[in-house]
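Worksheet for the structure shown next.
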Amino acid sequence: MLGLRTRRQIANRAMVGLSMLATAVGLFWLGWIMLTTLRYGLGALSTRLFTQMTPPPGSEGGLLNAFYGSFVMVLIAIVLGTPIGVLAGTFLAEYHRQTRTGAVIRFVNDILLSAPSIVIGLFVYELLIRRIGHFSGWGGGIALAIIMLPVIVRTTDEMLQLLPANLREAAFALGIPRWKVVSAVLYRAASAGILTGVLLAVARISGETAPLLFTALNNQYWSSSPNGPLANVPVVIFQFAMSPYDSWHELAWAGAFIVTMFVLALAVTSRALLAKGKRGQ
Amino acid sequence: MNEGSPGAPRAQPADELRKPAAAEPATASAPRLSARGVNFYYGKHLALDNVSLDFEDRKISAIIGPSGCGKSTLLRIFNRIYSLYPGQRATGSVVLDGEDILARETPVNELRAKVGMVLQTPTPFPMSIQDNVALAIRYHEKLSRVDLDERVENALRQAALWDEVKDVLKKSALSLSGGQQQRLCIARAVAVEPQILLMDEPTAALDPIATLKIEDLLSDLEQRYTIIIVTHNLQQAARVSDLTAFMLMGRLIEFGPTERIFTDPVSKETNAYVTGRFG
Ligand SMILES: Nc1ncnc2c1ncn2[C@@H]1O[C@H](COP(=O)(O)OP(=O)(O)OP(=O)(O)O)[C@@H](O)[C@H]1O
Ligand SMILES: [Mg+2]
């Protein structure tokens with residue numbers, strides 16, 4: 001029989017070893033994905049990517065229209081999703097922290113959070129696209145906003161609840177009403193956390209393909225208006241990767257590399273923001 | 001914690017003492033705030049049992065007693081901050097300016113403008129020093145820029161902070177030291193020009209020098225405000241307060257001039273506590 005101390009040391013070493021292994025496994029796939037996309041997309045990685053339109057089969061080109069379309073739709077999603085999400089999160093944290101209503105809304109929000117994005121794409125297709133009769137960038141933006149929404153609701157709710165009770169009491173003790181306490185004091189104190197939520201939500205939607213297939217579809221040409229079909233990176237990757245043309249494959253890999261890098265950068269930024277917010281308090 | 005068994009039999013005489021004790025300071029001047037038969041409940045748990053006392057205008061009253069006796073609970077009734085939490089409830093009456101502040105119809109934000117509060121740990125808001133002080137003034141009154149700046153300066157002067165921050169008013173309040181942050185919280189509270197200042201162990205999180213600064217400040221503030229301060233530090237109560245209330249297990253045991261409470265208390269429990277035999 002080993003001593004208690006020795007047994008604990010062995011258990012500790014085993015746990016450390018296992019968690020390091022798990023981390024390594026996770027990092028390994030990430031590294032592999034990055035390297036593979038880089039290797040196959042390298043040929044297409046040039047300034048052409050950002051200056052030329054998606055080419056017809058067999059010829060050279062870039063992804064400018066797809067980047068632009070993705071940018072516009074993500075922007076629409078941010079503009080629609082952020083205020084609604086932040087307000088709903090505030091409603092939960094400040095007005096229904098411990099109520100039944102709050103619990104029910106949180107539950108429904110969690111379901112929305114894990115709803116398959118293709119369902120949301122279909123939903124917008126039925127509700128909007130079929131009615132207006134053509135694919136549209138607005139539809140894409142709205143579908144992405146619906147995917148962002150529960151992420152923002154949840155982080156806002158959590159970040160506001162995490163604030164120290166003292167801060168809230170000190171603000172209320174000045175005799176200012178709840179809306180003012182929330183908007184002037186609590187939002188500022190939780191701003192880093194809420195922003196992190198928005199960034200993570202953006203990271204989540206930037207690679208979404210399914211909801212865009214049903215809404216914005218794609219557009220081979222330059223189109224600056226979201227009123228019609230709009231090119232976007234995920235659908236272009238999907239279409240090009242499925243094609244038999246080598247030049248399209250290269251573009252698809254390059255697009256995949258850039259989207260992955262973008263999401264990675266967002267994740268790192270949001271981490272840094274959160275750490276900075278914590279130190280500031 | 002507190003000596004459990006002797007506490008119960010002694011409760012009887014302490015009960016009788018309450019009347020003269022509460023009446024005692026009333027001879028000096030009219031009370032600013034008077035509590036009558038206040039009970040407080042955390043859910044079903046009775047945390048204050050029939051507390052009655054009068055706080056005098058422009059005097060510093062200290063509330064002392066062992067941990068968990070209900071000092072903070074009592075203080076938090078006077079600005080109804082407890083009402084932020086469902087399940088917390090006070091009964092009885094607390095009269096300020098002829099009105100019962102516990103009455104449902106009392107507008108709570110107006111009450112809090114009259115009764116300021118400083119908490120145990122400094123709670124600067126994440127904004128500039130100036131905005132910390134100006135925030136509540138802006139809400140309660142519509143002042144011109146010049147008047148507002150003057151009010152901010154005045155509040156910071158009252159909190160003995162002006163000289164240290166006058167050149168950095170736009171800097172984040174989070175950049176101040178703990179002691180400065182606490183004085184900022186005092187400035188923020190007095191900026192609304194309240195009548196009463198509630199302080200719950202305002203120096204508990206500060207070093208001795210910062211503590212001394214705040215204690216010095218209290219005697220200046222006393223000229224303008226009725227101050228009720230909760231403290232664990234008996235020397236502090238003796239140093240700064242005019243009147244002292246001693247509480248034990250949710251009840252007010254004795255309330256009177258600080259000097260008498262510390263040198264010649266009526267109650268045996270008070271005597272035991274101020275001489276350091278328990279608590
Ligand atoms: N939020 C709460 N919920 C339930 N019970 C509480 C709550 N806050 C305080 N109590 C209880 O009420 C009683 C009085 O607490 P209170 O905080 O007023 O004591 P205190 O005299 O301020 O103590 P301390 O000196 O430690 O600050 C204690 O028994 C405590 O356990
Ligand atoms: Mg306390």
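Identifiers in the structure tokens: chain A, B, ... in order shown; residue index from 1 per chain; ligand index from 1 in order shown.
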field: Selection: 10 Å around B:Val168, only C-alpha atoms, excl. self and same-chain fewer than 4 positions, as a VMD selection string
entry: chain B and resid 128 to 130 162 164 172 to 173
Can I get the selected residues back with N, CA, C and O atoms, as a short mmCIF file (atom, residue, chain, number, x, y, z; two decimals), in the first residue's frame?
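Okay, this is what ended up in out-v1.cif:
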```cif
data_model
loop_
_atom_site.label_atom_id
_atom_site.label_comp_id
_atom_site.auth_asym_id
_atom_site.auth_seq_id
_atom_site.Cartn_x
_atom_site.Cartn_y
_atom_site.Cartn_z
N SER B 128 -14.43 58.40 -15.21
CA SER B 128 -13.47 59.36 -14.68
C SER B 128 -13.84 59.77 -13.25
O SER B 128 -14.98 59.59 -12.81
N ILE B 129 -12.85 60.32 -12.55
CA ILE B 129 -13.08 60.80 -11.19
C ILE B 129 -14.22 61.80 -11.17
O ILE B 129 -15.16 61.71 -10.37
N GLN B 130 -14.17 62.72 -12.12
CA GLN B 130 -15.19 63.74 -12.21
C GLN B 130 -16.58 63.14 -12.44
O GLN B 130 -17.55 63.51 -11.78
N TRP B 162 -9.77 66.85 -2.98
CA TRP B 162 -9.60 67.81 -4.08
C TRP B 162 -8.13 68.05 -4.44
O TRP B 162 -7.75 67.97 -5.59
N GLU B 164 -5.59 66.32 -4.09
CA GLU B 164 -4.89 65.19 -4.70
C GLU B 164 -5.34 64.90 -6.13
O GLU B 164 -4.59 64.32 -6.91
N SER B 172 -9.27 57.85 -14.94
CA SER B 172 -10.18 56.83 -14.43
C SER B 172 -10.10 56.75 -12.90
O SER B 172 -9.01 56.78 -12.32
N ALA B 173 -11.24 56.62 -12.28
CA ALA B 173 -11.28 56.52 -10.82
C ALA B 173 -10.61 55.24 -10.34
O ALA B 173 -10.19 55.14 -9.20
#
```
Given only C-alpha atoms and all ligand atoms, how would the per-residue table for chain B near ligand 2 read, listing every residue at most 12 Å away with its closest atom pair and distance in Å to one decimal, sorted by chain and number, as CSV?
```
residue,atom,partner,partner_atom_place_in_ligand_line,distance
B:Ile63,CA,ligand 2,1 (Mg),10.2
B:Ile64,CA,ligand 2,1 (Mg),9.9
B:Gly65,CA,ligand 2,1 (Mg),9.8
B:Pro66,CA,ligand 2,1 (Mg),9.5
B:Ser67,CA,ligand 2,1 (Mg),7.0
B:Gly68,CA,ligand 2,1 (Mg),7.0
B:Cys69,CA,ligand 2,1 (Mg),8.4
B:Gly70,CA,ligand 2,1 (Mg),7.1
B:Lys71,CA,ligand 2,1 (Mg),5.7
B:Ser72,CA,ligand 2,1 (Mg),4.1
B:Thr73,CA,ligand 2,1 (Mg),7.2
B:Leu74,CA,ligand 2,1 (Mg),9.3
B:Leu75,CA,ligand 2,1 (Mg),8.9
B:Arg76,CA,ligand 2,1 (Mg),9.6
B:Leu119,CA,ligand 2,1 (Mg),9.8
B:Gln120,CA,ligand 2,1 (Mg),8.4
B:Thr121,CA,ligand 2,1 (Mg),11.5
B:Met199,CA,ligand 2,1 (Mg),10.3
B:Asp200,CA,ligand 2,1 (Mg),6.7
B:Glu201,CA,ligand 2,1 (Mg),7.3
B:Pro202,CA,ligand 2,1 (Mg),10.6
B:Ala204,CA,ligand 2,1 (Mg),10.4
B:Ile229,CA,ligand 2,1 (Mg),10.8
B:Val230,CA,ligand 2,1 (Mg),7.5
B:Thr231,CA,ligand 2,1 (Mg),8.3
B:His232,CA,ligand 2,1 (Mg),8.7
B:Met247,CA,ligand 2,1 (Mg),11.9
```
Dump as CSV the rows for residues of chain B within 6 Å of chain A: closest atom pair and distance in Å with one decimal, only C-alpha atoms counted, ordered by chain and rising residue number.
```
residue,atom,partner,partner_atom,distance
B:Asn109,CA,A:Gly175,CA,4.1
B:Arg112,CA,A:Gly175,CA,4.5
B:Ala113,CA,A:Gly175,CA,5.1
B:Thr123,CA,A:Leu167,CA,5.7
B:Pro126,CA,A:Ala189,CA,5.8
```
Written file, previous selection with N, CA, C and O atoms, as a compact mmCIF listing (two decimals), in the first residue's frame:
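Full text of out.txt as output:
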```
# COMPACT_ATOMS: atom_id res chain seq x y z
N ASN B 109 -36.03 56.66 -4.50
CA ASN B 109 -34.90 57.41 -5.03
C ASN B 109 -34.75 58.78 -4.36
O ASN B 109 -33.63 59.25 -4.15
N ARG B 112 -33.11 58.06 -1.08
CA ARG B 112 -31.67 57.80 -1.19
C ARG B 112 -30.90 59.07 -1.52
O ARG B 112 -29.69 59.14 -1.25
N ALA B 113 -31.56 60.06 -2.09
CA ALA B 113 -30.88 61.33 -2.29
C ALA B 113 -30.70 62.05 -0.96
O ALA B 113 -29.79 62.85 -0.79
N THR B 123 -15.95 51.47 -3.88
CA THR B 123 -16.64 51.03 -5.09
C THR B 123 -16.63 52.13 -6.15
O THR B 123 -17.67 52.69 -6.47
N PRO B 126 -16.46 52.59 -13.00
CA PRO B 126 -15.44 52.60 -14.06
C PRO B 126 -15.63 53.78 -15.00
O PRO B 126 -16.02 53.61 -16.14
```
task: Please measure the separation of atom CA of A:Leu49 and atom CA of A:Ala254, giving the value in Å to one decimal.
output: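 Distance between the two atoms: 8.3 Å.
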When you look at stretch 215-227 of chain A with a cut-off of 8 Å (counting only C-alpha atoms), what residues show up, excluding the ones that are within fewer than 2 positions of it in the same chain? I need them as a PDB file with C-alpha atoms, in the first residue's frame.
```
ATOM      1  CA  MET A  53     -13.758  38.890 -58.296  1.00  0.00           C
ATOM      2  CA  THR A  54     -14.476  35.190 -58.149  1.00  0.00           C
ATOM      3  CA  PRO A  55     -13.425  33.878 -61.548  1.00  0.00           C
ATOM      4  CA  ASN A  65     -16.923  40.013 -53.889  1.00  0.00           C
ATOM      5  CA  GLY A  69     -20.582  40.143 -49.125  1.00  0.00           C
ATOM      6  CA  VAL A  72     -21.863  43.282 -45.269  1.00  0.00           C
ATOM      7  CA  MET A  73     -23.902  40.382 -43.922  1.00  0.00           C
ATOM      8  CA  GLY A 121     -31.595  29.318 -42.581  1.00  0.00           C
ATOM      9  CA  VAL A 124     -35.602  32.843 -42.758  1.00  0.00           C
ATOM     10  CA  TYR A 125     -36.078  31.267 -46.191  1.00  0.00           C
ATOM     11  CA  ILE A 129     -36.961  34.842 -48.975  1.00  0.00           C
ATOM     12  CA  PHE A 135     -32.323  35.518 -52.546  1.00  0.00           C
ATOM     13  CA  SER A 136     -31.099  38.498 -50.600  1.00  0.00           C
ATOM     14  CA  GLY A 137     -28.179  39.683 -48.503  1.00  0.00           C
ATOM     15  CA  TRP A 138     -30.640  41.034 -45.964  1.00  0.00           C
ATOM     16  CA  GLY A 139     -31.965  37.537 -45.453  1.00  0.00           C
ATOM     17  CA  GLY A 140     -28.403  36.324 -44.891  1.00  0.00           C
ATOM     18  CA  ALA A 143     -30.226  34.615 -40.374  1.00  0.00           C
ATOM     19  CA  PRO A 211     -28.052  29.587 -43.344  1.00  0.00           C
ATOM     20  CA  LEU A 212     -26.522  31.563 -46.221  1.00  0.00           C
ATOM     21  CA  LEU A 213     -27.275  28.858 -48.798  1.00  0.00           C
ATOM     22  CA  PRO A 229     -28.145  37.660 -53.823  1.00  0.00           C
ATOM     23  CA  LEU A 230     -24.757  38.317 -52.303  1.00  0.00           C
ATOM     24  CA  ALA A 231     -21.481  36.444 -52.628  1.00  0.00           C
ATOM     25  CA  ASN A 232     -19.946  35.281 -49.366  1.00  0.00           C
ATOM     26  CA  VAL A 235     -20.718  29.490 -49.806  1.00  0.00           C
ATOM     27  CA  VAL A 236     -17.921  30.245 -52.297  1.00  0.00           C
TER      28      VAL A 236
END
```
query: Using the chain letters and numbers from this document, which residues of stretch 44-267 of chain A does DSSP assign to alpha helix (DSSP H), as a ChimeraX atom specification?
result: /A:48-51,64-90,100-113,117-124,130-132,137-162,165-172,178-180,187-206,210-213,233-242,246-267
- prompt: Which residue out of A:Leu27, A:Leu251, A:Leu195, A:Leu128 has the minimum interatomic distance to A:Gly58 when only C-alpha atoms are used?
  reply: A:Leu251
- prompt: So how many Å separate atom CA of B:Ala62 and atom CA of B:Thr211, to one decimal?
  reply: 15.7 Å
field: Residue neighbourhood A:Ala203, 7 Å, only C-alpha atoms, exclusion window fewer than 4 positions, as a ChimeraX atom specification
entry: /A:199,263,266
Just-selected residues, N, CA, C and O atoms written as a compact mmCIF listing (two decimals), in the first residue's frame:
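And here is the file that came out, out_12.txt:
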```txt
# COMPACT_ATOMS: atom_id res chain seq x y z
N LEU A 199 -17.86 39.55 -29.98
CA LEU A 199 -16.76 39.04 -30.82
C LEU A 199 -16.86 37.53 -31.02
O LEU A 199 -16.68 37.01 -32.13
N VAL A 263 -11.16 33.99 -37.48
CA VAL A 263 -11.82 33.49 -36.27
C VAL A 263 -10.82 33.36 -35.13
O VAL A 263 -11.09 33.72 -33.98
N LEU A 266 -10.10 36.76 -33.78
CA LEU A 266 -11.21 37.22 -32.95
C LEU A 266 -11.17 36.57 -31.57
O LEU A 266 -11.35 37.23 -30.55
```
query: With only C-alpha atoms and all ligand atoms as the atoms that count, which of B:Asn154, B:Thr275, B:Thr244, B:Asn233 lies nearest to ligand 1?
result: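 Distance minimum relative to ligand 1 lands on B:Asn233.
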message: To one decimal place in Å, what is the distance between atom CA of B:Leu197 and atom CA of B:Ala30?
response: 17.5 Å
Residue nearest A:Ala272 - candidates A:Ile111, A:Ala210, A:Ala192, A:Ile237, atoms counted: only C-alpha atoms: A:Ala192
Backbone DSSP call of strand (DSSP E or B) for stretch 30-277 of chain B, listed as a PyMOL selection string: chain B and resi 31-42+45-56+60-64+88-96+99-100+115-118+128+172+196-200+226-230+243-248+251-257
Neighbours of B:Ala90 within 8 Å (only C-alpha atoms; same-chain residues fewer than 3 positions away dropped), as a PDB file with all heavy atoms, in the first residue's frame?
```pdb
ATOM      1  N   VAL B  38     -38.443  48.401  15.028  1.00  0.00           N
ATOM      2  CA  VAL B  38     -38.067  47.847  13.726  1.00  0.00           C
ATOM      3  C   VAL B  38     -37.680  46.373  13.837  1.00  0.00           C
ATOM      4  O   VAL B  38     -36.841  45.995  14.651  1.00  0.00           O
ATOM      5  CB  VAL B  38     -36.896  48.649  13.119  1.00  0.00           C
ATOM      6  CG1 VAL B  38     -36.375  47.958  11.876  1.00  0.00           C
ATOM      7  CG2 VAL B  38     -37.337  50.067  12.803  1.00  0.00           C
ATOM      8  N   ASN B  39     -38.335  45.565  13.014  1.00  0.00           N
ATOM      9  CA  ASN B  39     -37.935  44.164  12.859  1.00  0.00           C
ATOM     10  C   ASN B  39     -37.435  43.989  11.440  1.00  0.00           C
ATOM     11  O   ASN B  39     -37.913  44.657  10.524  1.00  0.00           O
ATOM     12  CB  ASN B  39     -39.131  43.226  13.053  1.00  0.00           C
ATOM     13  CG  ASN B  39     -39.607  43.199  14.486  1.00  0.00           C
ATOM     14  OD1 ASN B  39     -38.860  43.563  15.401  1.00  0.00           O
ATOM     15  ND2 ASN B  39     -40.839  42.804  14.684  1.00  0.00           N
ATOM     16  N   PHE B  40     -36.480  43.083  11.275  1.00  0.00           N
ATOM     17  CA  PHE B  40     -36.007  42.841   9.914  1.00  0.00           C
ATOM     18  C   PHE B  40     -35.910  41.350   9.645  1.00  0.00           C
ATOM     19  O   PHE B  40     -35.446  40.592  10.488  1.00  0.00           O
ATOM     20  CB  PHE B  40     -34.644  43.502   9.676  1.00  0.00           C
ATOM     21  CG  PHE B  40     -34.249  43.496   8.229  1.00  0.00           C
ATOM     22  CD1 PHE B  40     -34.612  44.538   7.395  1.00  0.00           C
ATOM     23  CD2 PHE B  40     -33.542  42.417   7.695  1.00  0.00           C
ATOM     24  CE1 PHE B  40     -34.275  44.512   6.051  1.00  0.00           C
ATOM     25  CE2 PHE B  40     -33.203  42.396   6.347  1.00  0.00           C
ATOM     26  CZ  PHE B  40     -33.564  43.454   5.529  1.00  0.00           C
ATOM     27  N   TYR B  41     -36.359  40.967   8.468  1.00  0.00           N
ATOM     28  CA  TYR B  41     -36.365  39.550   8.111  1.00  0.00           C
ATOM     29  C   TYR B  41     -35.561  39.288   6.853  1.00  0.00           C
ATOM     30  O   TYR B  41     -35.718  39.980   5.850  1.00  0.00           O
ATOM     31  CB  TYR B  41     -37.798  39.071   7.855  1.00  0.00           C
ATOM     32  CG  TYR B  41     -38.721  39.252   9.036  1.00  0.00           C
ATOM     33  CD1 TYR B  41     -39.378  40.463   9.234  1.00  0.00           C
ATOM     34  CD2 TYR B  41     -38.921  38.224   9.939  1.00  0.00           C
ATOM     35  CE1 TYR B  41     -40.220  40.646  10.319  1.00  0.00           C
ATOM     36  CE2 TYR B  41     -39.763  38.387  11.026  1.00  0.00           C
ATOM     37  CZ  TYR B  41     -40.410  39.609  11.216  1.00  0.00           C
ATOM     38  OH  TYR B  41     -41.231  39.764  12.288  1.00  0.00           O
ATOM     39  N   ILE B  77     -31.384  49.495   6.365  1.00  0.00           N
ATOM     40  CA  ILE B  77     -32.805  49.836   6.373  1.00  0.00           C
ATOM     41  C   ILE B  77     -32.988  51.315   6.064  1.00  0.00           C
ATOM     42  O   ILE B  77     -33.924  51.716   5.385  1.00  0.00           O
ATOM     43  CB  ILE B  77     -33.418  49.516   7.755  1.00  0.00           C
ATOM     44  CG1 ILE B  77     -33.463  48.012   7.961  1.00  0.00           C
ATOM     45  CG2 ILE B  77     -34.811  50.118   7.878  1.00  0.00           C
ATOM     46  CD1 ILE B  77     -33.954  47.604   9.323  1.00  0.00           C
ATOM     47  N   LEU B 102     -40.285  53.590   5.650  1.00  0.00           N
ATOM     48  CA  LEU B 102     -40.588  52.197   5.329  1.00  0.00           C
ATOM     49  C   LEU B 102     -41.928  52.067   4.612  1.00  0.00           C
ATOM     50  O   LEU B 102     -42.248  51.009   4.081  1.00  0.00           O
ATOM     51  CB  LEU B 102     -40.605  51.337   6.592  1.00  0.00           C
ATOM     52  CG  LEU B 102     -39.282  51.223   7.341  1.00  0.00           C
ATOM     53  CD1 LEU B 102     -39.396  50.232   8.484  1.00  0.00           C
ATOM     54  CD2 LEU B 102     -38.165  50.798   6.396  1.00  0.00           C
TER      55      LEU B 102
END
```
field: Minimum-distance residue to ligand 1, chosen among B:Ser34, B:Ser61, B:Asn50, B:Gln88 (using only C-alpha atoms and all ligand atoms)
entry: B:Gln88
Close residues, A:Phe262 itself excluded, 10 Å, only C-alpha atoms, min 6 positions apart in chain, as a ChimeraX atom specification: /A:203,206-207,256,268
Output all heavy atoms for every residue in that selection, as an mmCIF file, in the first residue's frame.
```cif
data_model
loop_
_atom_site.group_PDB
_atom_site.id
_atom_site.type_symbol
_atom_site.label_atom_id
_atom_site.label_comp_id
_atom_site.auth_asym_id
_atom_site.auth_seq_id
_atom_site.Cartn_x
_atom_site.Cartn_y
_atom_site.Cartn_z
ATOM 1 N N ALA A 203 -17.321 35.489 -34.416
ATOM 2 C CA ALA A 203 -16.482 34.347 -34.783
ATOM 3 C C ALA A 203 -17.360 33.159 -35.156
ATOM 4 O O ALA A 203 -17.091 32.439 -36.110
ATOM 5 C CB ALA A 203 -15.571 33.977 -33.617
ATOM 6 N N SER A 206 -19.021 33.757 -38.692
ATOM 7 C CA SER A 206 -18.244 34.044 -39.913
ATOM 8 C C SER A 206 -18.004 32.818 -40.779
ATOM 9 O O SER A 206 -17.716 32.958 -41.953
ATOM 10 C CB SER A 206 -16.917 34.750 -39.619
ATOM 11 O OG SER A 206 -16.616 34.738 -38.288
ATOM 12 N N GLY A 207 -18.130 31.634 -40.226
ATOM 13 C CA GLY A 207 -17.931 30.457 -41.050
ATOM 14 C C GLY A 207 -19.229 29.762 -41.427
ATOM 15 O O GLY A 207 -19.211 28.731 -42.087
ATOM 16 N N ALA A 256 -10.642 29.424 -46.974
ATOM 17 C CA ALA A 256 -10.740 28.696 -45.711
ATOM 18 C C ALA A 256 -9.650 29.144 -44.744
ATOM 19 O O ALA A 256 -9.897 29.363 -43.551
ATOM 20 C CB ALA A 256 -10.629 27.195 -45.968
ATOM 21 N N VAL A 268 -8.602 35.337 -29.988
ATOM 22 C CA VAL A 268 -7.481 35.855 -29.200
ATOM 23 C C VAL A 268 -7.796 37.262 -28.691
ATOM 24 O O VAL A 268 -7.586 37.573 -27.513
ATOM 25 C CB VAL A 268 -6.190 35.849 -30.040
ATOM 26 C CG1 VAL A 268 -5.070 36.580 -29.313
ATOM 27 C CG2 VAL A 268 -5.765 34.428 -30.352
#
```
